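Worksheet for the structure shown next.
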Amino acid sequence: MRDMPPKPPYLGEFEYAVLLAVMHLGEEAYAVPVRELIEDRTARPVARGALYTALERLEAKACLRSRMGDPTPERGGRARRYFAVTAVGLRALRATHASLARLSQGLETVLEES
Amino acid sequence: MSRRSAPPALAERMLRLAVRDPEWRDAVLGDLAEEFGSVSRRQGWPRARIWYWRQAAGIACRVSAGRLLPGTAARRPWRAPTPDDDATSRWAWLRDVRYALRALAGRPALSGAIILTLGLALAANATIFNLADAIYLRPFRFAGVDRLVVVASAPERDPLADRSSVAPADFIDWTRESTTLTDLVAADFWDPNLSEIGEPEQLAGHRVSPRFFELIGATPQLGRTFVADEAIPGRDKRVVLSHGLWARRFGSDPAIVGRAIRLNGEPHEVVGVMRPGPSIPYGAEAWAPLAYTDEEWRERARGFLLVIGRLSGTHGIEAARAEMRAIVERQRREHAETNARREVSVVTLTRGLSDAGAGPFLMIWQAAAALLLLIACANIANLLLARGTERQQEFAVRLALGAGRWRLALQVLVEGAWLAIVAVVIAVPLAAVGVDGLRRALPPGVLRWVAGHEFLQVDLTVIALTGLMGLLATVGFSVLPALHASRAVVGDALRQGGRTLTAGRGRRWLGTTLAAGQVALTLTLVVGSTLILGAVDSAVNGVLGFDKAHVMTARLTLSDRPYATPEARRQFVDGVLERLSGMPAVQSLGAAAFLPYGGFSNSRTIHPEGTELTPAEVRSADFQRITPGFLTTMRVAILEGRDVSEADREDTRPVAVVSRSFADRYWPGQPALGRRFRTAADGPWIEVVGVSVDIMHDWFMQQRRPTFYRPMRQDPPFSLSLVARTNGDPLQLAGEMRRAVAAVDPDQPILELRTMAQVVDDKVSGVTYLARALAVMGAIALVLALTGVYSLVAYLAARRTQEFGVRMALGATRWQVMRLTIRQALVITSLGLAMGSVLAWALGRVMASSLFGLVSLEIWPLAVMVGLIGVTAVAAGYLPARRAADLDPTEALRIS
């Protein structure tokens, strides 16, 4: 019999957004496009400091893992830090999504404007 | 990447500092750089820069707020930063150091005063130490110098013992019998006249045993030193030159070796030139082999050799002393007729060849400098203590925020260390100035004779010592304030600065002790420097007994071969004096064997008629030979009888003029005229025909050294000094004297042509300089002590302002309030003066005993100084008292 998976970590709203953006971007997920994507889709400004803090916290919670890319000249010879969502991150996303979905059940007519 | 497309470097640097994790640093900086590129393409470079700065600042703020990117930072439990934060970190002390520097820079006047005080005191110490080190402690610095000793036939304890005192036969015995000493060598004074090239000149030289150079570790630069063979009479016409003489007289001629030079009229072959270095012994410039005949080596009655030896094996100096005592004890028995009363001493080379008078003097100056440093420390401690009380709030806040008590103490120590470091940095150049002044105060002619003068410069030893003293001073002046700081009480101090009415009893006691100690030390130093100044003054201008103004002198030594007979010497003196006496500028004229203050003297044992003296009772007196004009020219007054005269000739009865102290010693309370004495148990009787005043012959010696003057004609000396008095500038006679000597004997050099005033000044110039330096130190100390007393009293008065307000509100009069403050000043001052009087008196006693009678300890200078310091200190207390009393009581109460 398999162990029950541990309870996934709780995600804040901004963390939820960051995880979704990382999933969208797949192989190309590093801080710059992540921020652009969130700003683009949510139409809200994202402070870089906040984004870095969130990324770091998510990695600390094991929702994300990161690897360093190759240095490029346009970055002044510095490497990109690419992120990918882990299994824990995925479960957390699902849990958050599910709870939000359950919470919004029956309000579809109000929430979804045509 | 071109400069224009690069992000602002400063902002990048700030970010690099803020983001500690290296991977994150790369990612963040890279992201920003990438975005900076697109921002600057869209909006232009200037706006992109602004954009970058804003982003960087935003990220740095996030990061510094504690939600730091690297993992460790995030996991650290948050708490507010306290002064003790990072206490465990390796770099915590660095923060203390920076903080201390800020604290000091914040009060430049106080810091500046402390640094200057300390710097001056340190420089004074460094200068004196350098002098003592160069000429007294380590005048000779070559390998193995600590194994060399000087053996002399003089008592061990006599500080003024003549080291050149060993009889040749005794020396031969010692070389044969001693096992603790190897390589015993002898040296004999030899002052050859160098002629033929340029002006004739008398050289300072020695005849030495062949192994002499090997013993003192000196090797020649050119040629060789002596071989054993050359110590045989007939083969000894060889000479080794000092580097200085070679350069000065022979233009550093590389072909000098093998050439013959004329010394005392005879050719001597130059066999070698020494390297630059110490001129041993006694400033020697030329060395010849010591070649005695067997006859001369058997001489046991007269001692004149300087003997140097090396301790053999592991023997210490005590072993050598014990062995030499045994050998000399046996010599006393075996040669009772000559050696019965002969003593022996074994001292280190350094002590044996150094100026006997220098030790006590240098010690006094060093002690004075140390005192100055102590006073400076006490003063600084007091200033810091007063500051410490002002800073109690600062300390209390830090304590309340969790700083450890020892950390506060450390803070004060670190501040002290900063002050000391800066003080040391300024003290070193100051010391260099002092040492330079010292070198310049000594005329080159004198300096050449001072062993170790070449080490008179600020060297590593001096710098290291200054650093060490600075460290000690730091501890000295900051320990008390540091302890005090560590005792800060949170509650009291935070309750709005000093609501307590009076300073704590402990602190007041501490401050009082420090200020009183300062007064005590100052009194000691000031009295000490007054005594020294008095001593120097009496040595330079005081009761010389003769008139040094308007007198020209010429010193010469007649060579022993051409002037072997007394008749030749008589003719020389007569010829020169006759030539000079015709000159219109010459008022009066004379000659003597030695000049007073000339640095040379001669003495004879005295056997007065009618008393039988045991050998132990025989004492010696200064022996001087003069022509009839000498005492007149020097203006030495004749008290009774007559001067020596032309009528006292070689074939008339031997006569002498004696000094007052001579007459008092041998015929106390009786007329001396007509009495007779002799200088050897079987010598001819000499009749006293006159009594003169005492004159000072040498300022190291006792002032009243009994002297007898014999007519030069009856016993013509080899060493000769001409004196001539004129109305105007004595230097105008220099040429005449030179011509007169050259006319009589063109080969005869004049050693020195100086005015009598120069002779005296040269002898004491170094001491005069030091005495002035000491006076300056005394003045600094006085100012320091007075500021110390003033600042303490003023500070205490300020602390008690509220108390005074209460008292005055309750009806106390102005005077009653002032009395409180003045009483404090009085307590401090009288405590200090009482301690200081005892110290000063003790110092005076020490100085009187070590300065050979120049210092007369009297009560009045002490009383004057006590009065002066007392009055000034009380006056220093008066001002703050009046300020306190002038306050309106309501105002005084409001002041916190």
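Residue numbering restarts at 1 for every chain of the structure tokens, chains are lettered A, B, ... in their displayed order, and ligands are numbered from 1 as they appear.
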
- Item | Residue neighbourhood stretch 675-686 of chain B, 10 Å, only C-alpha atoms, exclusion window fewer than 4 positions, as a list in words |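 That gives Ser603, Arg604, Thr605, Ile606, His607, Pro608, Glu609, Gly610, Thr611, Glu612, Leu613, Pro615, Ser620, Ala621, Phe623, Arg653, Pro654, Val655, Ala656, Val657, Ala663, Tyr666, Trp667, Gln670, Pro671 and Arg710 of chain B.
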
- Message: Show me, as a PyMOL selection string, the residues of chain A whose atoms get within 8 Å of chain B, using only C-alpha atoms for the distance check.
- Response: chain A and resi 31-32+47-50+52-53+56+60+68+73-81

Residues as selected, C-alpha atoms, written as a short mmCIF file (atom, residue, chain, number, x, y, z; two decimals), in the first residue's frame, can you do that?
```
data_model
loop_
_atom_site.label_atom_id
_atom_site.label_comp_id
_atom_site.auth_asym_id
_atom_site.auth_seq_id
_atom_site.Cartn_x
_atom_site.Cartn_y
_atom_site.Cartn_z
CA ALA A 31 11.77 35.65 -14.16
CA VAL A 32 11.44 38.07 -17.08
CA ALA A 47 7.15 44.35 -8.65
CA ARG A 48 10.30 42.48 -9.51
CA GLY A 49 11.34 42.26 -5.88
CA ALA A 50 8.04 40.64 -5.04
CA TYR A 52 11.85 37.09 -6.84
CA THR A 53 10.72 36.69 -3.27
CA GLU A 56 12.38 31.87 -3.83
CA ALA A 60 11.73 26.69 -0.55
CA MET A 68 20.91 27.66 -14.21
CA PRO A 73 26.06 38.49 -23.69
CA GLU A 74 22.80 40.42 -23.61
CA ARG A 75 22.61 39.62 -19.89
CA GLY A 76 26.13 40.90 -19.26
CA GLY A 77 27.43 37.34 -19.28
CA ARG A 78 25.09 36.08 -16.62
CA ALA A 79 23.03 32.91 -16.64
CA ARG A 80 19.22 32.61 -16.57
CA ARG A 81 17.56 30.81 -13.74
#
```

- Mind listing the helix (DSSP H, G or I) residues of stretch 206-426 of chain B, per DSSP on the backbone, as a count of residues only? 111

- Could you tell me, as a PyMOL selection string, which residues of stretch 13-114 of chain A DSSP assigns to strand (DSSP E or B) when given the backbone? chain A and resi 64-68+72+78+81-85

Residue subset to file, keeping C-alpha atoms, as an mmCIF file, in the first residue's frame:
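Full text of again_0.cif as output:
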```cif
data_model
loop_
_atom_site.group_PDB
_atom_site.id
_atom_site.type_symbol
_atom_site.label_atom_id
_atom_site.label_comp_id
_atom_site.auth_asym_id
_atom_site.auth_seq_id
_atom_site.Cartn_x
_atom_site.Cartn_y
_atom_site.Cartn_z
ATOM 1 C CA LEU A 64 9.346 24.838 -7.948
ATOM 2 C CA ARG A 65 12.781 23.611 -8.889
ATOM 3 C CA SER A 66 15.354 25.635 -10.755
ATOM 4 C CA ARG A 67 18.389 25.187 -12.941
ATOM 5 C CA MET A 68 20.913 27.660 -14.205
ATOM 6 C CA THR A 72 24.465 35.198 -22.599
ATOM 7 C CA ARG A 78 25.088 36.084 -16.617
ATOM 8 C CA ARG A 81 17.563 30.808 -13.740
ATOM 9 C CA TYR A 82 14.909 28.542 -15.272
ATOM 10 C CA PHE A 83 12.048 27.255 -13.170
ATOM 11 C CA ALA A 84 9.858 24.206 -13.510
ATOM 12 C CA VAL A 85 6.828 23.139 -11.501
#
```

- Query: At what distance in Å, to one decimal, does atom CA of B:Ala132 lie from atom CA of B:Arg439?
  - Reply: 13.2 Å

- Query: Near stretch 297-312 of chain B, within 6 Å and counting only C-alpha atoms, which residues show up once chain neighbours fewer than 3 positions away are dropped, as a list of chain:residue names?
  - Reply: B:Arg147, B:Leu148, B:Val149, B:Val150, B:Val151, B:Ser164, B:Ser165, B:Val166, B:Ala167, B:Pro168, B:Ala169, B:Thr180, B:Leu181, B:Thr182, B:Asp183, B:Leu184, B:Val185, B:Ala186, B:Ala187, B:Asp188, B:Asp294, B:His315, B:Thr338

- Message: Please list as a count of residues only every residue within 12 Å of B:Phe142, counting only C-alpha atoms and excluding residues in the same chain fewer than 4 positions away.
- Response: 16

- Message: What's around A:Leu37 at 9 Å? Count only C-alpha atoms, leave out sequence neighbours fewer than 5 positions away in its own chain, and write the answer as JSON, numbers by chain.
- Response: {"A": [21, 24, 25, 32, 42]}

- Task: Would you please work out which residue, of A:Arg57, A:Arg41, A:Arg35, A:His97, is nearest to A:Tyr16 when using only C-alpha atoms?
- Result: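 Selected residue with least distance to A:Tyr16: A:His97.
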
- Message: Would you pick out the contacts of A:Val88 at 12 Å or less, using only C-alpha atoms, so that residues sharing its chain but fewer than 3 positions from it are not included, and give the list as a PyMOL selection string?
- Response: chain A and resi 5-11+19+58-65+84-85+91-95

For the selection just defined, write its residues with C-alpha atoms to a file, as a compact mmCIF listing (two decimals), in the first residue's frame.
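Everything below was put into part24.txt:
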```txt
# COMPACT_ATOMS: atom_id res chain seq x y z
CA PRO A 5 0.81 11.93 -0.21
CA PRO A 6 1.52 14.76 2.24
CA LYS A 7 -0.88 17.59 2.36
CA PRO A 8 0.07 20.08 -0.36
CA PRO A 9 1.23 23.52 0.79
CA TYR A 10 -1.17 26.36 0.77
CA LEU A 11 -0.66 28.89 -2.01
CA LEU A 19 2.97 28.85 -10.56
CA LEU A 58 7.99 28.60 -3.80
CA GLU A 59 11.29 26.88 -4.32
CA ALA A 60 11.73 26.69 -0.55
CA LYS A 61 8.25 25.05 -0.34
CA ALA A 62 9.41 22.58 -3.06
CA CYS A 63 6.72 23.74 -5.48
CA LEU A 64 9.35 24.84 -7.95
CA ARG A 65 12.78 23.61 -8.89
CA ALA A 84 9.86 24.21 -13.51
CA VAL A 85 6.83 23.14 -11.50
CA ARG A 91 -0.66 19.07 -6.46
CA ALA A 92 -0.73 22.46 -4.78
CA LEU A 93 -2.02 24.06 -7.95
CA ARG A 94 -4.72 21.44 -8.27
CA ALA A 95 -5.72 21.77 -4.65
```

- Separation of atom CA of B:Ile822 from atom CA of B:Ala875 in Å: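 Taking atom CA of B:Ala875 and atom CA of B:Ile822, their separation equals 8.7 Å.
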
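With only C-alpha atoms as the basis for measurement, A:Ala29 is the residue among A:Ala29, A:Val22, A:Ala17, A:Leu107 that approaches A:Gly69 most closely.
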